[in-house]
Structure formats: structure tokens, C-alpha cells
>>> print(open('structure.pdb').read())   # PDB, C-alpha atoms
ATOM      1  CA  MET A   6     159.825  25.086 149.021  1.00  0.00           C
ATOM      2  CA  PRO A   7     156.518  26.937 148.898  1.00  0.00           C
ATOM      3  CA  SER A   8     155.745  25.925 152.485  1.00  0.00           C
ATOM      4  CA  ILE A   9     158.780  27.903 153.752  1.00  0.00           C
ATOM      5  CA  ALA A  10     157.707  30.963 151.754  1.00  0.00           C
ATOM      6  CA  ARG A  11     154.157  30.711 153.076  1.00  0.00           C
ATOM      7  CA  ALA A  12     155.437  30.254 156.620  1.00  0.00           C
ATOM      8  CA  ALA A  13     157.719  33.272 156.231  1.00  0.00           C
ATOM      9  CA  PHE A  14     154.657  35.413 155.600  1.00  0.00           C
ATOM     10  CA  LEU A  15     152.664  33.820 158.435  1.00  0.00           C
ATOM     11  CA  HIS A  16     155.221  32.829 161.083  1.00  0.00           C
ATOM     12  CA  ASP A  17     154.245  35.552 163.556  1.00  0.00           C
ATOM     13  CA  ILE A  18     150.503  35.625 162.839  1.00  0.00           C
ATOM     14  CA  GLY A  19     149.931  34.404 166.387  1.00  0.00           C
ATOM     15  CA  LYS A  20     151.232  37.749 167.650  1.00  0.00           C
ATOM     16  CA  MET A  21     147.800  39.133 166.777  1.00  0.00           C
ATOM     17  CA  ALA A  22     146.749  37.576 170.099  1.00  0.00           C
ATOM     18  CA  ILE A  23     149.607  39.161 172.069  1.00  0.00           C
ATOM     19  CA  PRO A  24     148.926  42.522 173.761  1.00  0.00           C
ATOM     20  CA  ASP A  25     150.524  45.560 172.118  1.00  0.00           C
ATOM     21  CA  SER A  26     151.973  46.520 175.497  1.00  0.00           C
ATOM     22  CA  ILE A  27     154.218  43.469 175.208  1.00  0.00           C
ATOM     23  CA  LEU A  28     154.887  43.654 171.462  1.00  0.00           C
ATOM     24  CA  ARG A  29     155.899  47.328 171.578  1.00  0.00           C
ATOM     25  CA  LYS A  30     157.648  47.365 174.941  1.00  0.00           C
ATOM     26  CA  PRO A  31     160.883  49.364 174.597  1.00  0.00           C
ATOM     27  CA  GLY A  32     162.732  47.462 177.332  1.00  0.00           C
ATOM     28  CA  PRO A  33     163.267  43.873 178.419  1.00  0.00           C
ATOM     29  CA  LEU A  34     160.214  41.695 178.985  1.00  0.00           C
ATOM     30  CA  THR A  35     159.374  40.358 182.425  1.00  0.00           C
ATOM     31  CA  GLU A  36     159.210  36.579 182.893  1.00  0.00           C
ATOM     32  CA  ASN A  37     155.407  36.742 182.733  1.00  0.00           C
ATOM     33  CA  GLU A  38     155.538  38.805 179.518  1.00  0.00           C
ATOM     34  CA  LYS A  39     157.986  36.302 178.002  1.00  0.00           C
ATOM     35  CA  GLN A  40     155.539  33.468 178.748  1.00  0.00           C
ATOM     36  CA  VAL A  41     152.744  35.387 177.033  1.00  0.00           C
ATOM     37  CA  MET A  42     154.982  36.157 174.030  1.00  0.00           C
ATOM     38  CA  ARG A  43     155.967  32.510 173.704  1.00  0.00           C
ATOM     39  CA  GLN A  44     152.319  31.632 173.075  1.00  0.00           C
ATOM     40  CA  HIS A  45     152.466  33.204 169.604  1.00  0.00           C
ATOM     41  CA  CYS A  46     153.799  30.026 167.954  1.00  0.00           C
ATOM     42  CA  GLU A  47     150.939  27.833 169.152  1.00  0.00           C
ATOM     43  CA  ARG A  48     148.328  30.519 168.536  1.00  0.00           C
ATOM     44  CA  GLY A  49     149.590  30.985 164.986  1.00  0.00           C
ATOM     45  CA  TYR A  50     149.682  27.233 164.413  1.00  0.00           C
ATOM     46  CA  ASN A  51     146.084  26.926 165.605  1.00  0.00           C
ATOM     47  CA  MET A  52     145.031  29.579 163.088  1.00  0.00           C
ATOM     48  CA  VAL A  53     147.010  28.349 160.092  1.00  0.00           C
ATOM     49  CA  THR A  54     146.523  24.591 160.492  1.00  0.00           C
ATOM     50  CA  ARG A  55     142.793  24.972 159.839  1.00  0.00           C
ATOM     51  CA  ILE A  56     143.551  25.913 156.229  1.00  0.00           C
ATOM     52  CA  PRO A  57     144.314  22.694 154.302  1.00  0.00           C
ATOM     53  CA  PHE A  58     146.839  24.117 151.820  1.00  0.00           C
ATOM     54  CA  LEU A  59     148.765  25.778 154.680  1.00  0.00           C
ATOM     55  CA  ARG A  60     149.220  22.692 156.874  1.00  0.00           C
ATOM     56  CA  ASP A  61     152.910  22.292 155.927  1.00  0.00           C
ATOM     57  CA  ALA A  62     153.492  25.975 156.644  1.00  0.00           C
ATOM     58  CA  ALA A  63     151.634  25.596 159.962  1.00  0.00           C
ATOM     59  CA  GLU A  64     154.297  23.199 161.223  1.00  0.00           C
ATOM     60  CA  ILE A  65     156.973  25.827 160.512  1.00  0.00           C
ATOM     61  CA  VAL A  66     154.858  28.489 162.244  1.00  0.00           C
ATOM     62  CA  LEU A  67     154.718  26.221 165.313  1.00  0.00           C
ATOM     63  CA  SER A  68     158.402  25.259 165.248  1.00  0.00           C
ATOM     64  CA  HIS A  69     160.267  28.422 164.200  1.00  0.00           C
ATOM     65  CA  GLN A  70     161.377  29.192 167.777  1.00  0.00           C
ATOM     66  CA  GLU A  71     162.749  25.712 168.497  1.00  0.00           C
ATOM     67  CA  PHE A  72     166.519  25.621 169.066  1.00  0.00           C
ATOM     68  CA  PHE A  73     168.795  22.965 167.634  1.00  0.00           C
ATOM     69  CA  ASP A  74     170.024  22.047 171.129  1.00  0.00           C
ATOM     70  CA  GLY A  75     166.470  21.548 172.454  1.00  0.00           C
ATOM     71  CA  THR A  76     166.250  24.726 174.533  1.00  0.00           C
ATOM     72  CA  GLY A  77     163.723  26.518 172.321  1.00  0.00           C
ATOM     73  CA  TYR A  78     159.943  26.577 172.502  1.00  0.00           C
ATOM     74  CA  PRO A  79     157.105  25.619 172.425  1.00  0.00           C
ATOM     75  CA  ARG A  80     157.879  21.881 172.446  1.00  0.00           C
ATOM     76  CA  GLY A  81     161.592  21.736 173.253  1.00  0.00           C
ATOM     77  CA  LEU A  82     162.384  19.849 170.044  1.00  0.00           C
ATOM     78  CA  ARG A  83     166.039  19.239 169.222  1.00  0.00           C
ATOM     79  CA  GLY A  84     168.094  18.539 166.107  1.00  0.00           C
ATOM     80  CA  GLU A  85     166.254  16.761 163.335  1.00  0.00           C
ATOM     81  CA  GLU A  86     163.061  16.571 165.412  1.00  0.00           C
ATOM     82  CA  ILE A  87     162.620  20.164 164.241  1.00  0.00           C
ATOM     83  CA  PRO A  88     161.164  20.272 160.708  1.00  0.00           C
ATOM     84  CA  LEU A  89     163.816  21.219 158.140  1.00  0.00           C
ATOM     85  CA  GLY A  90     161.760  24.191 156.960  1.00  0.00           C
ATOM     86  CA  ALA A  91     161.692  25.560 160.510  1.00  0.00           C
ATOM     87  CA  ARG A  92     165.471  25.065 160.875  1.00  0.00           C
ATOM     88  CA  ILE A  93     166.031  27.006 157.650  1.00  0.00           C
ATOM     89  CA  PHE A  94     163.546  29.710 158.507  1.00  0.00           C
ATOM     90  CA  ALA A  95     164.996  30.158 162.013  1.00  0.00           C
ATOM     91  CA  VAL A  96     168.253  31.435 160.500  1.00  0.00           C
ATOM     92  CA  ALA A  97     166.451  33.780 158.095  1.00  0.00           C
ATOM     93  CA  ASP A  98     164.188  35.079 160.866  1.00  0.00           C
ATOM     94  CA  ALA A  99     167.119  35.689 163.215  1.00  0.00           C
ATOM     95  CA  LEU A 100     169.002  37.521 160.459  1.00  0.00           C
ATOM     96  CA  ASP A 101     165.987  39.720 159.763  1.00  0.00           C
ATOM     97  CA  ALA A 102     165.487  40.432 163.480  1.00  0.00           C
ATOM     98  CA  MET A 103     169.093  41.487 163.936  1.00  0.00           C
ATOM     99  CA  ILE A 104     169.353  43.731 160.866  1.00  0.00           C
ATOM    100  CA  SER A 105     166.002  45.451 161.526  1.00  0.00           C
ATOM    101  CA  ASP A 106     165.192  48.266 163.916  1.00  0.00           C
ATOM    102  CA  ARG A 107     163.362  47.074 167.042  1.00  0.00           C
ATOM    103  CA  PRO A 108     161.557  49.066 169.754  1.00  0.00           C
ATOM    104  CA  TYR A 109     164.437  48.256 172.109  1.00  0.00           C
ATOM    105  CA  ARG A 110     167.430  48.805 169.749  1.00  0.00           C
ATOM    106  CA  ARG A 111     168.591  50.015 166.344  1.00  0.00           C
ATOM    107  CA  ALA A 112     169.380  47.604 163.503  1.00  0.00           C
ATOM    108  CA  LEU A 113     172.713  45.807 163.739  1.00  0.00           C
ATOM    109  CA  PRO A 114     175.199  45.588 160.843  1.00  0.00           C
ATOM    110  CA  LEU A 115     174.927  42.543 158.582  1.00  0.00           C
ATOM    111  CA  SER A 116     178.471  41.501 159.527  1.00  0.00           C
ATOM    112  CA  HIS A 117     177.458  41.390 163.209  1.00  0.00           C
ATOM    113  CA  ALA A 118     174.386  39.291 162.369  1.00  0.00           C
ATOM    114  CA  ARG A 119     176.454  36.807 160.355  1.00  0.00           C
ATOM    115  CA  ASN A 120     178.937  36.471 163.225  1.00  0.00           C
ATOM    116  CA  GLU A 121     176.123  35.928 165.725  1.00  0.00           C
ATOM    117  CA  ILE A 122     174.563  33.225 163.538  1.00  0.00           C
ATOM    118  CA  ARG A 123     177.990  31.551 163.267  1.00  0.00           C
ATOM    119  CA  ARG A 124     178.398  31.752 167.064  1.00  0.00           C
ATOM    120  CA  CYS A 125     174.990  30.119 167.633  1.00  0.00           C
ATOM    121  CA  SER A 126     175.616  27.254 165.198  1.00  0.00           C
ATOM    122  CA  GLY A 127     174.914  23.987 166.998  1.00  0.00           C
ATOM    123  CA  THR A 128     173.012  25.619 169.850  1.00  0.00           C
ATOM    124  CA  GLN A 129     170.262  27.810 168.394  1.00  0.00           C
ATOM    125  CA  PHE A 130     170.777  26.857 164.745  1.00  0.00           C
ATOM    126  CA  ASP A 131     171.339  23.707 162.716  1.00  0.00           C
ATOM    127  CA  PRO A 132     175.072  23.686 161.815  1.00  0.00           C
ATOM    128  CA  ASP A 133     174.343  22.403 158.289  1.00  0.00           C
ATOM    129  CA  VAL A 134     171.899  25.242 157.650  1.00  0.00           C
ATOM    130  CA  VAL A 135     174.393  27.771 159.052  1.00  0.00           C
ATOM    131  CA  GLU A 136     177.111  26.395 156.772  1.00  0.00           C
ATOM    132  CA  VAL A 137     174.916  26.963 153.700  1.00  0.00           C
ATOM    133  CA  PHE A 138     173.857  30.405 154.955  1.00  0.00           C
ATOM    134  CA  LEU A 139     177.459  31.502 155.509  1.00  0.00           C
ATOM    135  CA  SER A 140     178.494  30.200 152.086  1.00  0.00           C
ATOM    136  CA  LEU A 141     176.188  32.732 150.396  1.00  0.00           C
ATOM    137  CA  PRO A 142     177.749  36.086 149.519  1.00  0.00           C
ATOM    138  CA  GLU A 143     176.882  39.023 151.760  1.00  0.00           C
ATOM    139  CA  SER A 144     175.800  40.932 148.640  1.00  0.00           C
ATOM    140  CA  LEU A 145     172.861  38.503 148.244  1.00  0.00           C
ATOM    141  CA  TRP A 146     171.540  39.344 151.725  1.00  0.00           C
ATOM    142  CA  ILE A 147     171.972  43.077 151.073  1.00  0.00           C
ATOM    143  CA  GLU A 148     170.024  42.772 147.809  1.00  0.00           C
ATOM    144  CA  LEU A 149     167.252  40.780 149.500  1.00  0.00           C
ATOM    145  CA  ARG A 150     167.034  43.354 152.292  1.00  0.00           C
ATOM    146  CA  GLU A 151     166.805  46.219 149.787  1.00  0.00           C
ATOM    147  CA  ASN A 152     163.959  44.491 147.934  1.00  0.00           C
ATOM    148  CA  LEU A 153     161.837  43.597 150.961  1.00  0.00           C
ATOM    149  CA  GLY A 154     159.127  46.045 149.989  1.00  0.00           C
ATOM    150  CA  ALA A 155     158.937  44.894 146.372  1.00  0.00           C
ATOM    151  CA  PRO A 156     155.779  43.041 145.298  1.00  0.00           C
ATOM    152  CA  PHE A 157     156.131  39.282 145.619  1.00  0.00           C
ATOM    153  CA  ARG A 158     153.950  36.378 144.595  1.00  0.00           C
ATOM    154  CA  LEU A 159     154.390  32.766 145.616  1.00  0.00           C
ATOM    155  CA  SER A 160     153.986  31.875 141.935  1.00  0.00           C
ATOM    156  CA  GLN A 161     157.386  33.556 141.347  1.00  0.00           C
ATOM    157  CA  LEU A 162     159.124  30.803 143.308  1.00  0.00           C
ATOM    158  CA  LYS A 163     161.062  28.354 141.220  1.00  0.00           C
ATOM    159  CA  VAL A 164     160.301  24.884 142.524  1.00  0.00           C
ATOM    160  CA  VAL A 165     163.180  22.480 142.038  1.00  0.00           C
TER     161      VAL A 165
END
>>> encode(input="structure.pdb", output="C-alpha cells")
Amino acid sequence: MPSIARAAFLHDIGKMAIPDSILRKPGPLTENEKQVMRQHCERGYNMVTRIPFLRDAAEIVLSHQEFFDGTGYPRGLRGEEIPLGARIFAVADALDAMISDRPYRRALPLSHARNEIRRCSGTQFDPDVVEVFLSLPESLWIELRENLGAPFRLSQLKVV
């Protein structure tokens, strides 16, 4: 799905409009800072949707913080109201966030991230997507992580 790949590159583009003091804060965000941070989905959507060939990706940019149980943002979508691409990307994004260093904590082990994704199946994540994710060997995720810096072109995607 090229739209998921495009959205993966652009999902946080709206953070360009978020102050660095919030993005780089080493501790927990205040409620006001959380509200500002939550604007990144809509800001990114407003940027990306103006580009005709990115409109499908724009919907993922807007919806990647929605939770399967309806408690996410910005629209409070639940279950299959959330575009499939966003449900898939949400798992990948969460994995990346957990296994990467952050200003407020060091990277977590892949095994911890997999367990956390399993624990959040049905609440934060689509259980069907989690089932597929967990069926993939851990070695695949390690290889992907090691090759993050390698050059990549959308034309390399095999469309099925």
C-alpha cells in the first residue's frame, strides 16, 4: 500500500507547527502542552491533503493517533471507523516509539515493545492487526530497525 508508506514518511509533519519546547521537553507534558501536541495530526492533514496524490496518505496522517476503543484523537474514531492504513501504521509507529531513544527515556527492548502492543490489543490497537504483527518473527523487526538509515524509494514497494 503506497499510501501507508507515504504516510509513514509524513505522519508527524504537523509537528513542524509545534513549539520545540514541547517537542524536546525531557519530562511529562502539562495538560496544556498535551492539547498543543495533539494538534499535530490535524495540522499535518491540512498540509498533506492539499497535494492530490497524497490524499489517501493524508487520512492516515489525520487518523494515526486514533485508538481502537475510541479514546484516541483527534476525532475519537473507534474500530473500523479508523482507516485500515491508520490502524496498521499505529502499531508500527508505537513499535518505533518504544524501541527508539526519546528525550524522556532510553529505548526499550523489542521484547518489551511486543508485549506492550499485545497488552494494548483491543484498546489502543486493532486486534487483527496485532495478531498479524505478532505472527512476524522478531528477526524481521530487528532487520528493519537496522536498515532504517538505508536509502529507500517508494518505487521499491511491491504492490500486490
>>> resolve_selection(input="structure.pdb", expression="the PyMOL selection byres ((chain A and resi 115) around 9)", output="MDAnalysis selection string")
chainID A and resid 100 103:104 112:114 116:120 143 146:147
>>> residues_around(input="structure.pdb", residues="Gly84 in chain A", least_positions_apart="2", cutoff="8 Å", atoms="all atoms listed in the file", output="PyMOL selection string")
chain A and resi 72-75+82+86-87+131
>>> closest_residue(input="structure.pdb", among="A:Pro132, A:Gly32, A:Pro7, A:Pro79", to="Arg48 in chain A", atoms="only C-alpha atoms")
A:Pro79
>>> atom_distance(input="structure.pdb", atom1="CA of Ile18 in chain A", atom2="CA of Cys46 in chain A")
8.3 Å
>>> residues_around(input="structure.pdb", residues="range 107-111 of chain A", least_positions_apart="4", cutoff="12 Å", atoms="all atoms listed in the file", output="VMD selection string")
chain A and resid 25 to 34 101 to 103
>>> atom_distance(input="structure.pdb", atom1="CA of Glu64 in chain A", atom2="CA of Met52 in chain A")
11.4 Å
>>> closest_residue(input="structure.pdb", among="A:Gly49, A:Gly127, A:Leu59, A:Val134", to="Phe94 in chain A", atoms="all atoms listed in the file")
A:Val134
>>> atom_distance(input="structure.pdb", atom1="CA of Gln129 in chain A", atom2="CA of Ala12 in chain A")
19.1 Å
>>> closest_residue(input="structure.pdb", among="A:Lys39, A:Arg83, A:His16, A:Arg60", to="Ala97 in chain A", atoms="all atoms listed in the file")
A:His16
>>> closest_residue(input="structure.pdb", among="A:Gly19, A:Asp133, A:Glu151, A:Arg11", to="Glu85 in chain A", atoms="only C-alpha atoms")
A:Asp133
>>> decode(input="structure.pdb", residues="range 67-95 of chain A", atoms="N, CA, C and O atoms", output="short mmCIF file (atom, residue, chain, number, x, y, z; two decimals), in the first residue's frame")
data_model
loop_
_atom_site.label_atom_id
_atom_site.label_comp_id
_atom_site.auth_asym_id
_atom_site.auth_seq_id
_atom_site.Cartn_x
_atom_site.Cartn_y
_atom_site.Cartn_z
N LEU A 67 -4.00 12.08 9.54
CA LEU A 67 -5.02 12.58 10.45
C LEU A 67 -5.40 11.55 11.51
O LEU A 67 -5.64 11.89 12.66
N SER A 68 -5.41 10.28 11.15
CA SER A 68 -6.01 9.24 12.00
C SER A 68 -5.01 8.37 12.75
O SER A 68 -5.42 7.46 13.47
N HIS A 69 -3.72 8.62 12.65
CA HIS A 69 -2.74 7.69 13.23
C HIS A 69 -2.70 7.70 14.76
O HIS A 69 -2.11 6.80 15.35
N GLN A 70 -3.37 8.64 15.41
CA GLN A 70 -3.44 8.64 16.87
C GLN A 70 -4.81 8.22 17.40
O GLN A 70 -5.08 8.34 18.59
N GLU A 71 -5.67 7.74 16.53
CA GLU A 71 -6.97 7.22 16.96
C GLU A 71 -6.74 5.85 17.61
O GLU A 71 -5.87 5.10 17.18
N PHE A 72 -7.50 5.56 18.65
CA PHE A 72 -7.39 4.27 19.34
C PHE A 72 -8.59 3.41 18.99
O PHE A 72 -9.70 3.89 18.84
N PHE A 73 -8.34 2.11 18.91
CA PHE A 73 -9.37 1.16 18.50
C PHE A 73 -10.62 1.25 19.37
O PHE A 73 -11.74 1.07 18.90
N ASP A 74 -10.44 1.58 20.65
CA ASP A 74 -11.59 1.67 21.56
C ASP A 74 -12.28 3.04 21.55
O ASP A 74 -13.20 3.29 22.33
N GLY A 75 -11.81 3.96 20.70
CA GLY A 75 -12.45 5.27 20.57
C GLY A 75 -11.88 6.35 21.47
O GLY A 75 -12.38 7.48 21.46
N THR A 76 -10.84 6.05 22.24
CA THR A 76 -10.30 7.04 23.17
C THR A 76 -9.14 7.85 22.60
O THR A 76 -8.55 8.66 23.32
N GLY A 77 -8.83 7.66 21.34
CA GLY A 77 -7.72 8.41 20.73
C GLY A 77 -8.16 9.78 20.25
O GLY A 77 -9.25 10.26 20.57
N TYR A 78 -7.32 10.40 19.45
CA TYR A 78 -7.61 11.73 18.92
C TYR A 78 -7.17 11.80 17.47
O TYR A 78 -6.43 10.94 17.01
N PRO A 79 -7.63 12.75 16.68
CA PRO A 79 -8.38 13.95 17.05
C PRO A 79 -9.90 13.80 17.00
O PRO A 79 -10.62 14.63 17.54
N ARG A 80 -10.41 12.73 16.39
CA ARG A 80 -11.86 12.64 16.19
C ARG A 80 -12.56 11.63 17.08
O ARG A 80 -13.78 11.53 17.06
N GLY A 81 -11.81 10.86 17.86
CA GLY A 81 -12.42 9.85 18.71
C GLY A 81 -13.05 8.71 17.93
O GLY A 81 -14.03 8.12 18.37
N LEU A 82 -12.46 8.38 16.78
CA LEU A 82 -12.96 7.27 15.97
C LEU A 82 -12.72 5.97 16.71
O LEU A 82 -11.80 5.86 17.53
N ARG A 83 -13.52 4.95 16.39
CA ARG A 83 -13.33 3.64 17.03
C ARG A 83 -13.43 2.54 15.99
O ARG A 83 -14.12 2.68 14.99
N GLY A 84 -12.76 1.42 16.27
CA GLY A 84 -12.85 0.23 15.43
C GLY A 84 -12.62 0.52 13.96
O GLY A 84 -11.66 1.19 13.58
N GLU A 85 -13.52 0.00 13.14
CA GLU A 85 -13.37 0.12 11.69
C GLU A 85 -13.70 1.50 11.15
O GLU A 85 -13.57 1.74 9.95
N GLU A 86 -14.12 2.44 12.01
CA GLU A 86 -14.24 3.83 11.58
C GLU A 86 -12.85 4.40 11.26
O GLU A 86 -12.72 5.32 10.47
N ILE A 87 -11.84 3.84 11.90
CA ILE A 87 -10.46 4.26 11.67
C ILE A 87 -9.99 3.61 10.37
O ILE A 87 -10.12 2.40 10.20
N PRO A 88 -9.44 4.39 9.44
CA PRO A 88 -8.96 3.78 8.18
C PRO A 88 -7.97 2.65 8.46
O PRO A 88 -7.15 2.75 9.40
N LEU A 89 -8.06 1.58 7.69
CA LEU A 89 -7.19 0.42 7.89
C LEU A 89 -5.72 0.82 7.88
O LEU A 89 -4.94 0.36 8.72
N GLY A 90 -5.33 1.68 6.96
CA GLY A 90 -3.93 2.11 6.91
C GLY A 90 -3.48 2.74 8.21
O GLY A 90 -2.35 2.53 8.66
N ALA A 91 -4.35 3.52 8.83
CA ALA A 91 -4.02 4.15 10.11
C ALA A 91 -3.93 3.12 11.22
O ALA A 91 -3.08 3.23 12.12
N ARG A 92 -4.79 2.09 11.19
CA ARG A 92 -4.74 1.03 12.20
C ARG A 92 -3.44 0.24 12.09
O ARG A 92 -2.84 -0.15 13.09
N ILE A 93 -2.99 0.01 10.86
CA ILE A 93 -1.73 -0.70 10.64
C ILE A 93 -0.57 0.17 11.08
O ILE A 93 0.32 -0.25 11.83
N PHE A 94 -0.59 1.42 10.62
CA PHE A 94 0.52 2.31 10.94
C PHE A 94 0.63 2.58 12.44
O PHE A 94 1.73 2.75 12.96
N ALA A 95 -0.48 2.61 13.14
CA ALA A 95 -0.45 2.88 14.59
C ALA A 95 0.42 1.87 15.32
O ALA A 95 1.17 2.23 16.23
#
